[in-house]
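What follows is the content of input_18.cif, which has mmCIF, C-alpha atoms:
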data_start
#
loop_
_atom_site.label_atom_id
_atom_site.label_comp_id
_atom_site.auth_asym_id
_atom_site.auth_seq_id
_atom_site.Cartn_x
_atom_site.Cartn_y
_atom_site.Cartn_z
CA MET A 1 39.12 -12.70 -51.92
CA LYS A 2 42.87 -12.94 -52.13
CA THR A 3 44.63 -13.90 -48.89
CA ARG A 4 47.21 -11.41 -47.67
CA PHE A 5 50.04 -12.59 -45.45
CA LEU A 6 52.28 -10.40 -43.34
CA VAL A 7 54.99 -11.41 -40.91
CA MET A 8 55.70 -8.97 -38.08
CA LEU A 9 58.65 -8.94 -35.72
CA VAL A 10 57.07 -7.73 -32.51
CA LEU A 11 58.28 -6.63 -29.13
CA VAL A 12 55.39 -7.26 -26.79
CA SER A 13 55.04 -6.27 -23.20
CA GLY A 14 57.71 -7.99 -21.12
CA THR A 15 60.38 -7.48 -18.51
CA ILE A 16 62.57 -4.63 -19.69
CA ALA A 17 63.87 -3.34 -16.38
CA ALA A 18 67.41 -4.08 -17.49
CA ALA A 19 67.04 -1.82 -20.53
CA HIS A 20 67.35 1.93 -20.54
CA ALA A 21 65.80 4.36 -23.00
CA GLU A 22 69.21 5.01 -24.55
CA ASP A 23 69.96 1.31 -25.23
CA VAL A 24 70.07 0.70 -28.98
CA TYR A 25 70.52 -2.76 -30.47
CA ASP A 26 71.32 -3.93 -34.00
CA ILE A 27 69.69 -7.08 -35.35
CA THR A 28 70.13 -8.76 -38.74
CA LEU A 29 67.62 -11.21 -40.19
CA PHE A 30 68.77 -13.82 -42.70
CA ILE A 31 65.75 -15.35 -44.42
CA SER A 32 65.56 -18.27 -46.83
CA GLU A 33 63.08 -20.94 -47.86
CA ASN A 34 64.29 -23.23 -45.10
CA SER A 35 65.32 -20.96 -42.25
CA LEU A 36 64.91 -17.65 -40.47
CA ILE A 37 67.97 -16.53 -38.51
CA LEU A 38 68.15 -13.64 -36.06
CA TYR A 39 71.72 -12.40 -35.60
CA ALA A 40 72.76 -9.99 -32.85
CA GLY A 41 76.37 -8.84 -32.88
CA GLY A 42 78.44 -6.79 -30.52
CA GLU A 43 79.99 -7.49 -27.14
CA ALA A 44 77.36 -6.36 -24.64
CA PRO A 45 74.29 -8.48 -23.79
CA ILE A 46 71.14 -7.71 -25.76
CA ASN A 47 67.57 -7.52 -24.45
CA LEU A 48 65.28 -9.80 -26.50
CA ASP A 49 62.64 -10.23 -23.83
CA GLY A 50 59.14 -10.17 -25.34
CA LEU A 51 60.45 -10.31 -28.91
CA GLY A 52 58.56 -12.47 -31.40
CA PHE A 53 57.13 -12.91 -34.87
CA GLU A 54 53.54 -12.19 -35.77
CA VAL A 55 51.73 -13.57 -38.81
CA VAL A 56 48.76 -11.57 -40.09
CA ASP A 57 46.23 -13.38 -42.27
CA GLY A 58 43.23 -11.16 -42.95
CA GLU A 59 42.00 -10.08 -39.52
CA GLN A 60 43.58 -13.02 -37.69
CA ARG A 61 46.92 -12.51 -35.96
CA ILE A 62 49.15 -15.33 -34.72
CA THR A 63 52.16 -14.50 -32.56
CA TYR A 64 55.29 -16.60 -32.15
CA LEU A 65 57.34 -15.35 -29.18
CA LEU A 66 61.00 -16.29 -28.92
CA SER A 67 60.25 -17.48 -25.40
CA GLU A 68 57.85 -20.09 -26.85
CA PHE A 69 60.58 -21.82 -28.86
CA THR A 70 61.84 -24.49 -26.46
CA SER A 71 65.34 -24.49 -27.91
CA PHE A 72 65.77 -20.89 -26.77
CA SER A 73 64.43 -21.47 -23.25
CA ILE A 74 67.95 -21.87 -21.85
CA LEU A 75 68.52 -18.17 -22.46
CA ARG A 76 67.64 -15.32 -20.18
CA LEU A 77 66.04 -13.25 -22.92
CA ASP A 78 66.40 -9.90 -21.17
CA ARG A 79 70.17 -10.40 -21.13
CA VAL A 80 71.30 -12.51 -24.10
CA PRO A 81 75.09 -12.75 -24.58
CA THR A 82 76.37 -11.59 -27.97
CA PRO A 83 77.33 -12.33 -30.63
CA ILE A 84 74.55 -14.87 -31.09
CA CYS A 85 72.38 -16.41 -33.81
CA LEU A 86 68.90 -17.74 -33.09
CA ARG A 87 67.91 -20.02 -35.94
CA ILE A 88 64.41 -21.33 -36.68
CA GLU A 89 64.64 -23.86 -39.48
CA LEU A 90 62.90 -26.66 -41.31
CA THR A 91 63.59 -30.04 -39.72
CA GLY A 92 66.47 -31.69 -41.55
CA ASN A 93 67.70 -28.45 -43.12
CA ARG A 94 71.32 -28.58 -44.17
CA GLU A 95 71.82 -25.02 -45.38
CA PRO A 96 75.16 -23.54 -44.28
CA LEU A 97 75.05 -20.78 -41.69
CA PRO A 98 75.69 -17.21 -42.84
CA GLN A 99 79.21 -15.92 -42.27
CA SER A 100 78.03 -13.85 -39.29
CA CYS A 101 76.97 -17.04 -37.51
CA GLN A 102 80.24 -18.88 -38.00
CA SER A 103 82.45 -19.65 -34.96
CA PRO A 104 82.98 -18.09 -32.45
CA THR A 105 79.40 -16.82 -32.68
CA ARG A 106 77.06 -18.96 -30.58
CA THR A 107 74.11 -20.46 -32.50
CA LEU A 108 70.94 -21.96 -31.06
CA THR A 109 68.63 -23.84 -33.42
CA HIS A 110 64.94 -24.66 -33.17
CA ALA A 111 63.53 -27.06 -35.79
CA VAL A 112 59.97 -26.75 -37.12
CA ALA A 113 57.77 -28.69 -39.52
CA GLN A 114 57.11 -27.37 -43.03
CA ASN A 115 53.63 -26.14 -42.08
CA ASP A 116 55.18 -23.99 -39.34
CA MET A 117 57.53 -22.05 -41.65
CA PHE A 118 55.60 -18.84 -41.10
CA TRP A 119 58.23 -16.64 -42.81
CA TRP A 120 57.95 -18.35 -46.22
CA ASP A 121 55.19 -17.89 -48.82
CA ARG A 122 55.04 -21.28 -50.50
CA ALA A 123 52.59 -20.13 -53.17
CA GLY A 124 54.67 -17.09 -54.09
CA ARG A 125 57.98 -18.92 -53.62
CA GLN A 126 59.50 -16.04 -51.68
CA THR A 127 59.92 -14.63 -48.20
CA ARG A 128 56.92 -12.85 -46.74
CA THR A 129 56.95 -9.25 -45.64
CA ILE A 130 58.41 -8.86 -42.16
CA LEU A 131 57.29 -5.88 -40.10
CA PHE A 132 59.22 -4.92 -36.99
CA VAL A 133 56.89 -3.81 -34.21
CA GLN A 134 57.98 -2.58 -30.79
CA ARG A 135 55.23 -2.66 -28.17
CA ALA A 136 52.57 -2.18 -30.87
CA GLU A 137 54.63 0.52 -32.63
CA GLN A 138 55.70 -0.41 -36.18
CA ILE A 139 59.27 0.79 -36.51
CA ASP A 140 60.89 -0.99 -39.46
CA PHE A 141 60.32 -3.75 -42.00
CA CYS A 142 61.77 -6.20 -44.51
CA PRO A 143 59.79 -6.29 -47.78
CA ALA A 144 58.67 -9.58 -49.32
CA GLY A 145 61.36 -11.27 -51.37
CA VAL A 146 64.26 -9.83 -49.34
CA VAL A 147 66.72 -12.37 -47.91
CA GLU A 148 68.66 -10.12 -45.53
CA CYS A 149 67.72 -6.98 -43.64
CA GLN A 150 68.72 -5.05 -40.56
CA LEU A 151 66.81 -3.57 -37.64
CA ARG A 152 67.92 -1.07 -35.04
CA TYR A 153 65.69 -0.83 -32.00
CA SER A 154 65.64 0.39 -28.43
CA PRO A 155 63.67 -1.65 -25.86
CA GLY A 156 63.44 1.49 -23.71
CA ARG A 157 61.67 3.48 -26.41
CA THR A 158 58.26 4.83 -25.48
CA SER A 159 55.34 5.36 -27.81
CA ALA A 160 55.90 9.10 -27.49
CA THR A 161 59.33 8.73 -29.07
CA ALA A 162 58.44 6.05 -31.62
CA PRO A 163 59.11 7.16 -35.20
CA THR A 164 56.27 7.96 -37.56
CA LEU A 165 55.69 5.24 -40.16
CA SER A 166 56.87 6.11 -43.65
CA PRO A 167 54.72 5.42 -46.74
CA ALA A 168 56.89 2.34 -47.33
CA GLN A 169 56.01 0.98 -43.91
CA LEU A 170 52.34 1.96 -44.09
CA ALA A 171 52.08 0.12 -47.39
CA LEU A 172 52.71 -3.14 -45.58
CA VAL A 173 49.74 -2.89 -43.22
CA PRO A 174 47.03 -5.31 -44.43
CA THR A 175 43.84 -3.76 -45.78
CA ALA A 176 41.82 -5.94 -43.42
CA VAL A 177 43.33 -4.36 -40.32
CA ARG A 178 43.26 -0.73 -41.42
CA SER A 179 40.40 1.65 -42.08
CA VAL A 180 40.85 3.82 -45.16
CA PRO A 181 38.14 6.21 -46.37
CA ALA A 182 37.61 5.79 -50.12
CA ASP A 183 38.40 9.43 -50.82
CA LEU A 184 41.77 9.12 -49.03
CA LEU A 185 42.99 5.82 -50.48
CA GLY A 186 46.12 6.47 -52.52
CA THR A 187 46.94 9.78 -50.86
CA VAL A 188 49.81 10.49 -48.47
CA GLY A 189 49.46 8.21 -45.45
CA TYR A 190 47.02 5.82 -47.18
CA PRO A 191 49.05 3.81 -49.74
CA VAL A 192 47.53 1.29 -52.12
CA LEU A 193 48.67 -2.25 -51.26
CA SER A 194 47.69 -4.17 -54.39
CA ASN A 195 46.46 -3.48 -57.91
CA ASP A 196 43.11 -5.09 -57.10
CA GLU A 197 42.49 -2.55 -54.37
CA TRP A 198 42.53 0.40 -56.78
CA THR A 199 39.73 1.74 -58.99
CA PRO A 200 41.04 3.96 -61.83
CA ILE A 201 40.43 7.71 -61.59
CA VAL A 202 40.37 9.52 -64.94
CA GLN A 203 40.39 13.28 -65.43
CA VAL A 204 40.81 15.66 -68.37
CA PHE A 205 43.38 18.45 -68.21
CA GLY A 206 42.95 20.67 -71.25
CA ALA A 207 43.18 18.40 -74.28
CA HIS A 208 44.76 15.54 -72.39
CA THR A 209 43.14 12.70 -70.48
CA MET A 210 45.16 11.57 -67.48
CA VAL A 211 44.88 8.86 -64.82
CA PHE A 212 45.63 9.27 -61.13
CA VAL A 213 48.69 7.45 -59.76
CA PRO A 214 48.22 6.73 -56.03
CA VAL A 215 50.80 6.50 -53.27
CA GLY A 216 52.29 3.02 -52.85
CA CYS A 217 55.39 0.83 -53.09
CA PHE A 218 56.63 -1.85 -55.47
CA LEU A 219 59.68 -3.97 -56.20
CA MET A 220 61.51 -2.36 -59.11
CA GLY A 221 63.41 -4.50 -61.60
CA ASP A 222 63.34 -8.18 -62.53
CA GLU A 223 65.83 -10.78 -61.29
CA THR A 224 65.06 -12.93 -64.34
CA GLY A 225 65.50 -10.05 -66.77
CA SER A 226 68.53 -8.23 -68.17
CA LEU A 227 71.54 -7.45 -65.99
CA ASP A 228 70.63 -3.77 -65.79
CA GLU A 229 67.30 -4.71 -64.17
CA ARG A 230 69.10 -6.03 -61.09
CA PRO A 231 69.13 -6.04 -58.15
CA VAL A 232 65.42 -5.88 -57.54
CA HIS A 233 64.81 -3.19 -54.95
CA GLN A 234 61.85 -1.50 -53.35
CA GLN A 235 60.78 1.95 -54.51
CA CYS A 236 57.91 3.98 -53.10
CA ILE A 237 55.75 6.71 -54.57
CA ASP A 238 55.45 9.08 -51.63
CA THR A 239 53.14 11.63 -53.27
CA PRO A 240 50.45 11.00 -55.91
CA PHE A 241 50.69 12.28 -59.45
CA TRP A 242 48.93 12.06 -62.83
CA ILE A 243 50.09 10.33 -66.00
CA ASP A 244 48.62 10.40 -69.50
CA GLN A 245 46.05 7.72 -70.15
CA PHE A 246 47.26 7.57 -73.75
CA GLU A 247 50.52 8.23 -75.53
CA VAL A 248 50.66 11.74 -76.96
CA SER A 249 49.02 11.64 -80.40
CA ASN A 250 49.88 13.48 -83.60
CA ALA A 251 46.76 15.59 -83.15
CA GLN A 252 47.73 16.60 -79.61
CA TYR A 253 51.30 17.37 -80.56
CA GLY A 254 50.21 19.46 -83.54
CA SER A 255 52.18 17.68 -86.27
CA PRO A 256 52.72 14.11 -87.49
CA GLY A 257 55.81 11.99 -87.07
CA GLN A 258 56.93 9.19 -89.37
CA PHE A 259 53.44 7.68 -89.34
CA PRO A 260 50.64 10.18 -90.08
CA GLY A 261 47.18 9.86 -88.59
CA ALA A 262 45.55 12.03 -85.94
CA ASP A 263 45.16 9.21 -83.41
CA LEU A 264 48.58 7.61 -83.91
CA PRO A 265 51.28 8.33 -81.32
CA ARG A 266 53.61 11.18 -82.17
CA ASP A 267 56.94 9.52 -82.88
CA SER A 268 60.40 10.73 -83.97
CA LEU A 269 60.82 13.05 -80.99
CA THR A 270 64.11 13.83 -79.29
CA TRP A 271 64.20 13.80 -75.50
CA PHE A 272 64.43 17.58 -75.55
CA GLN A 273 61.31 17.89 -77.73
CA ALA A 274 59.38 15.46 -75.53
CA ARG A 275 60.35 17.32 -72.36
CA ALA A 276 59.50 20.70 -73.84
CA PHE A 277 56.08 19.50 -74.98
CA CYS A 278 55.19 18.17 -71.54
CA GLU A 279 56.36 21.36 -69.86
CA ARG A 280 54.35 23.58 -72.25
CA ARG A 281 51.16 21.89 -71.09
CA GLY A 282 52.05 22.21 -67.41
CA GLY A 283 53.47 18.74 -67.01
CA ARG A 284 56.77 16.91 -67.10
CA LEU A 285 58.33 13.62 -68.11
CA PRO A 286 57.86 10.79 -65.59
CA THR A 287 60.87 9.30 -63.85
CA ILE A 288 61.63 5.63 -64.50
CA VAL A 289 60.32 4.84 -61.00
CA GLU A 290 57.05 6.63 -61.72
CA TRP A 291 56.71 5.02 -65.14
CA GLU A 292 57.39 1.47 -63.93
CA TYR A 293 55.06 1.86 -60.95
CA ALA A 294 52.31 3.19 -63.23
CA ALA A 295 52.74 0.15 -65.46
CA ARG A 296 53.18 -2.60 -62.83
CA GLY A 297 51.57 -1.30 -59.64
CA PRO A 298 52.15 -2.57 -56.09
CA SER A 299 51.49 -6.12 -57.35
CA GLY A 300 54.57 -5.88 -59.59
CA LEU A 301 53.08 -7.31 -62.80
CA LYS A 302 55.48 -8.39 -65.55
CA TYR A 303 53.22 -6.94 -68.25
CA THR A 304 50.55 -4.33 -67.62
CA TRP A 305 47.85 -7.03 -67.51
CA GLY A 306 49.65 -9.95 -65.86
CA ALA A 307 52.51 -12.42 -65.81
CA SER A 308 52.30 -13.81 -69.37
CA PHE A 309 52.40 -12.11 -72.75
CA VAL A 310 49.04 -11.92 -74.57
CA GLU A 311 49.42 -10.95 -78.25
CA GLU A 312 46.09 -9.14 -78.64
CA ASN A 313 46.85 -6.93 -75.63
CA ALA A 314 49.76 -5.09 -77.23
CA ASN A 315 51.28 -3.91 -80.49
CA ALA A 316 54.55 -5.82 -80.21
CA TYR A 317 56.38 -7.73 -82.93
CA ARG A 318 53.38 -9.07 -84.78
CA VAL A 319 53.64 -10.52 -88.26
CA GLY A 320 52.42 -8.00 -90.83
CA VAL A 321 52.47 -5.03 -88.44
CA GLN A 322 55.22 -2.54 -89.26
CA SER A 323 54.01 0.64 -87.59
CA SER A 324 52.43 2.12 -84.53
CA GLU A 325 48.68 1.84 -83.91
CA PRO A 326 46.09 4.27 -82.45
CA VAL A 327 46.79 5.43 -78.91
CA ASN A 328 43.46 4.00 -77.70
CA SER A 329 44.03 0.55 -79.21
CA HIS A 330 44.38 -2.74 -77.29
CA PRO A 331 42.04 -2.00 -74.37
CA GLY A 332 42.77 -5.46 -72.95
CA GLY A 333 46.30 -4.32 -72.21
CA GLN A 334 45.38 -1.41 -69.95
CA SER A 335 47.45 -0.99 -66.80
CA TRP A 336 45.93 -1.13 -63.31
CA LEU A 337 45.47 2.65 -63.57
CA GLY A 338 43.57 2.47 -66.86
CA ALA A 339 46.51 3.63 -69.02
CA PHE A 340 46.65 2.31 -72.59
CA ASN A 341 49.64 0.95 -74.53
CA MET A 342 52.25 1.06 -71.79
CA THR A 343 53.25 -2.30 -73.27
CA GLY A 344 54.47 -1.92 -76.85
CA ASN A 345 53.33 0.49 -79.60
CA VAL A 346 56.07 3.15 -79.11
CA TRP A 347 58.86 3.62 -76.61
CA GLU A 348 58.15 6.41 -74.14
CA TRP A 349 60.76 8.90 -72.95
CA THR A 350 61.36 9.32 -69.22
CA SER A 351 63.23 12.07 -67.37
CA SER A 352 65.92 9.70 -66.04
CA THR A 353 69.46 9.23 -67.26
CA TYR A 354 70.54 5.65 -67.88
CA THR A 355 72.85 3.70 -65.56
CA PRO A 356 73.87 0.08 -66.27
CA SER A 357 72.75 -1.24 -62.88
CA TYR A 358 70.38 -0.66 -59.98
CA PRO A 359 69.36 0.60 -57.51
CA TYR A 360 67.84 3.75 -58.97
CA THR A 361 68.90 7.01 -57.32
CA THR A 362 67.72 10.59 -57.68
CA ALA A 363 71.15 11.40 -59.12
CA GLN A 364 69.67 10.11 -62.39
CA GLU A 365 67.39 13.16 -62.47
CA ASP A 366 69.80 15.78 -63.84
CA PRO A 367 67.83 18.06 -66.18
CA ASP A 368 70.98 19.90 -67.27
CA ASP A 369 72.93 16.91 -68.54
CA THR A 370 72.74 16.96 -72.34
CA MET A 371 75.15 14.08 -73.01
CA LEU A 372 74.11 11.03 -70.99
CA MET A 373 71.64 8.59 -72.50
CA ARG A 374 68.05 8.91 -71.31
CA GLU A 375 65.81 5.98 -70.52
CA MET A 376 62.78 4.94 -72.53
CA ARG A 377 60.20 2.45 -71.34
CA GLY A 378 57.49 0.16 -72.69
CA GLY A 379 59.10 -1.20 -75.86
CA SER A 380 57.53 -0.77 -79.28
CA TRP A 381 55.92 -2.45 -82.26
CA ARG A 382 59.42 -3.58 -83.35
CA TYR A 383 60.20 -5.63 -80.27
CA GLU A 384 59.50 -9.16 -79.08
CA PRO A 385 57.63 -9.86 -75.81
CA ILE A 386 60.73 -10.02 -73.59
CA ARG A 387 61.57 -6.42 -74.52
CA VAL A 388 58.15 -4.97 -73.83
CA ARG A 389 58.10 -6.10 -70.19
CA SER A 390 57.42 -3.22 -67.82
CA ALA A 391 60.81 -3.65 -66.13
CA TYR A 392 62.77 -3.66 -69.42
CA ARG A 393 65.08 -0.68 -69.85
CA GLY A 394 65.79 1.04 -73.15
CA ALA A 395 68.15 4.00 -73.59
CA ILE A 396 69.39 6.25 -76.41
CA PRO A 397 71.13 9.62 -76.59
CA PRO A 398 68.74 12.52 -75.88
CA THR A 399 69.17 13.73 -79.46
CA GLY A 400 68.07 10.38 -80.90
CA ILE A 401 65.13 10.36 -83.32
CA TYR A 402 63.37 7.06 -84.04
CA ASP A 403 60.06 6.20 -85.64
CA ASP A 404 59.11 3.99 -82.68
CA THR A 405 59.80 6.49 -79.89
CA GLY A 406 57.13 8.79 -78.45
CA VAL A 407 56.07 10.34 -75.17
CA ARG A 408 53.61 10.07 -72.29
CA CYS A 409 53.55 13.05 -69.89
CA ALA A 410 53.07 13.25 -66.15
CA ARG A 411 52.08 16.07 -63.81
CA ASP A 412 52.10 16.59 -60.08
CA ALA A 413 48.79 16.16 -58.29
CA ALA A 414 47.35 19.25 -56.63
CA PRO A 415 45.18 19.00 -53.51
CA GLY A 416 41.61 18.15 -54.44
CA ASP A 417 42.12 17.75 -58.18
CA ARG A 418 41.31 14.02 -58.17
CA ASN A 419 37.64 14.81 -57.43
#

Show me this structure written as structure tokens.
Amino acid sequence: MKTRFLVMLVLVSGTIAAAHAEDVYDITLFISENSLILYAGGEAPINLDGLGFEVVDGEQRITYLLSEFTSFSILRLDRVPTPICLRIELTGNREPLPQSCQSPTRTLTHAVAQNDMFWWDRAGRQTRTILFVQRAEQIDFCPAGVVECQLRYSPGRTSATAPTLSPAQLALVPTAVRSVPADLLGTVGYPVLSNDEWTPIVQVFGAHTMVFVPVGCFLMGDETGSLDERPVHQQCIDTPFWIDQFEVSNAQYGSPGQFPGADLPRDSLTWFQARAFCERRGGRLPTIVEWEYAARGPSGLKYTWGASFVEENANAYRVGVQSSEPVNSHPGGQSWLGAFNMTGNVWEWTSSTYTPSYPYTTAQEDPDDTMLMREMRGGSWRYEPIRVRSAYRGAIPPTGIYDDTGVRCARDAAPGDRN
């Protein structure tokens, strides 16, 4: 079983008499391999009484209260003067302080051994997920891999006024400490946390076989990839949908493209033709968020099967291969959903317009724009491994026609149609 780690910022029961329900405080966390810094700005004192960090490993929870760090014991935590930085760092760390913690901001430092760096995932070489919890109410979070995030909280908040967790926040709750009925996993309120947790659901709609895409979150983009794949940022699928298990074939489209053959993908389609085809069958083109999530999953795989390119898993830049291959080829390259050939074979149109940088916004979903380039995903038989990564972004004018560009449709999920 894979070990899941989660770091929670918790506000446990403590003395809060000095706080009123309307008190609202802003906190910034700066997180690196060697230190975790809590910064509180402003001019008025801040109530940090009962605040701490909780590590969740399976069903075991370990709490680190600020009051337990001896270097902070000189403070009266229910009335901490601001601005202030509370730094927990690796012994001997020489990293410079963030600008917010420069003079005249007061900084207190507590040194820990390497084994006590609870905020850092040494195996994954990144920060762990940090969940903010206020008296057992989860109110905000920093996703894994993020080096700076902000929290706004009110010590006087009651459970009756605590906000409802979003799908993004629910996605961070470890499987071991939640109870999810099998028939609800992947629906609104029950996000999938990792690819391994999901069992593909396949269903036929007319002449088209589709796979169910469950609710969940992932980190979109690739910091080691092209410039337009940055910055990496979290995106969440808030409602489930369906996506084709296979690229649309010549037989399904009703006519061949450049490469004939009933089971070859239909190529040489403009964006307008691809959109119209999907709509005629009651579907639509997927957005780039939907497409990338369907290919990578919550685990954020580089290729649909894993971190490294495997030649037999995809039709991508192979000596002697100068065309597309059947839509059900390369079963070893299936995505976590059971979708075939999302890596290589033919590019697949999406609904989104292209922008040269991230983060993605819904402004890229303008169905009436006929001029901006539209994104394609997945790469093709023409391209080398680096260009068939799931995060790689291709784009051409919507009128473009190429013999290595096809389509994979999506459709919204209706209540009960996954059964």

Residue among A:Thr399, A:Ser357, A:Ser35, A:Gln114 lying closest to Asp222 (chain A), counting only C-alpha atoms: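 Under the stated criterion, the closest residue is A:Ser357.
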
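Distance annotation: of A:Phe309, A:Lys302, A:Glu33, A:Gly400, the residue with the minimal separation from Gln273 (chain A) is A:Gly400; atom set is only C-alpha atoms.
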
For Leu285 (chain A): contacts at 10 Å, all atoms listed in the file, fewer than 6 positions along chain excluded, given as a PyMOL selection string: chain A and resi 243+271+274-279+291+348-352+407-411

Write out, as a PDB file, in the frame of the given file, the residues just selected, with C-alpha atoms.
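Saved file out-v4.pdb follows:
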ATOM      1  CA  ILE A 243      50.090  10.330 -66.000  1.00  0.00           C
ATOM      2  CA  TRP A 271      64.200  13.800 -75.500  1.00  0.00           C
ATOM      3  CA  ALA A 274      59.380  15.460 -75.530  1.00  0.00           C
ATOM      4  CA  ARG A 275      60.350  17.320 -72.360  1.00  0.00           C
ATOM      5  CA  ALA A 276      59.500  20.700 -73.840  1.00  0.00           C
ATOM      6  CA  PHE A 277      56.080  19.500 -74.980  1.00  0.00           C
ATOM      7  CA  CYS A 278      55.190  18.170 -71.540  1.00  0.00           C
ATOM      8  CA  GLU A 279      56.360  21.360 -69.860  1.00  0.00           C
ATOM      9  CA  TRP A 291      56.710   5.020 -65.140  1.00  0.00           C
ATOM     10  CA  GLU A 348      58.150   6.410 -74.140  1.00  0.00           C
ATOM     11  CA  TRP A 349      60.760   8.900 -72.950  1.00  0.00           C
ATOM     12  CA  THR A 350      61.360   9.320 -69.220  1.00  0.00           C
ATOM     13  CA  SER A 351      63.230  12.070 -67.370  1.00  0.00           C
ATOM     14  CA  SER A 352      65.920   9.700 -66.040  1.00  0.00           C
ATOM     15  CA  VAL A 407      56.070  10.340 -75.170  1.00  0.00           C
ATOM     16  CA  ARG A 408      53.610  10.070 -72.290  1.00  0.00           C
ATOM     17  CA  CYS A 409      53.550  13.050 -69.890  1.00  0.00           C
ATOM     18  CA  ALA A 410      53.070  13.250 -66.150  1.00  0.00           C
ATOM     19  CA  ARG A 411      52.080  16.070 -63.810  1.00  0.00           C
TER      20      ARG A 411
END

Put the listed atoms of region 31-41 of chain A in a box along x, y and z with 6 Å added on every side and give me the centre and edge lengths in Å to one decimal, as lines of an AutoDock Vina configuration file.
center_x = 69.7
center_y = -16.0
center_z = -40.4
size_x = 25.3
size_y = 26.4
size_z = 27.0

Best match for closeness to Val192 (chain A) among A:Phe141, A:Trp336, A:Tyr383, A:Phe272, counting only C-alpha atoms: A:Trp336

Ground truth for the PyMOL selection byres ((chain A and resi 45) around 7), written as a list in words: Glu43, Ala44, Ile46, Asn47, Arg79, Val80, Pro81 and Thr82 of chain A

Nearest-residue call for Ala414 (chain A), choices A:Thr209, A:Asn34, A:Thr239, A:Thr199, using all atoms listed in the file: A:Thr239

Between CA of Gly50 (chain A) and CA of Leu65 (chain A) - distance in Å to one decimal: 6.7 Å

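Taking CA of Glu247 (chain A) and CA of Ala307 (chain A) as the two end points, the separation is 22.9 Å.
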
Atom pair CA of Ser103 (chain A) / CA of Ile37 (chain A): separation (Å): 15.2 Å

Residues matched by the PyMOL selection byres ((chain A and resi 93-98) around 10) as a list in words: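 Matching residues under the PyMOL selection byres ((chain A and resi 93-98) around 10) are Phe30, Ser32, Glu33, Asn34, Ser35, Ile37, Tyr39, Cys85, Arg87, Glu89, Leu90, Thr91, Gly92, Gln99, Ser100, Cys101, Gln102, Thr107, Ala111 and Val112 of chain A.
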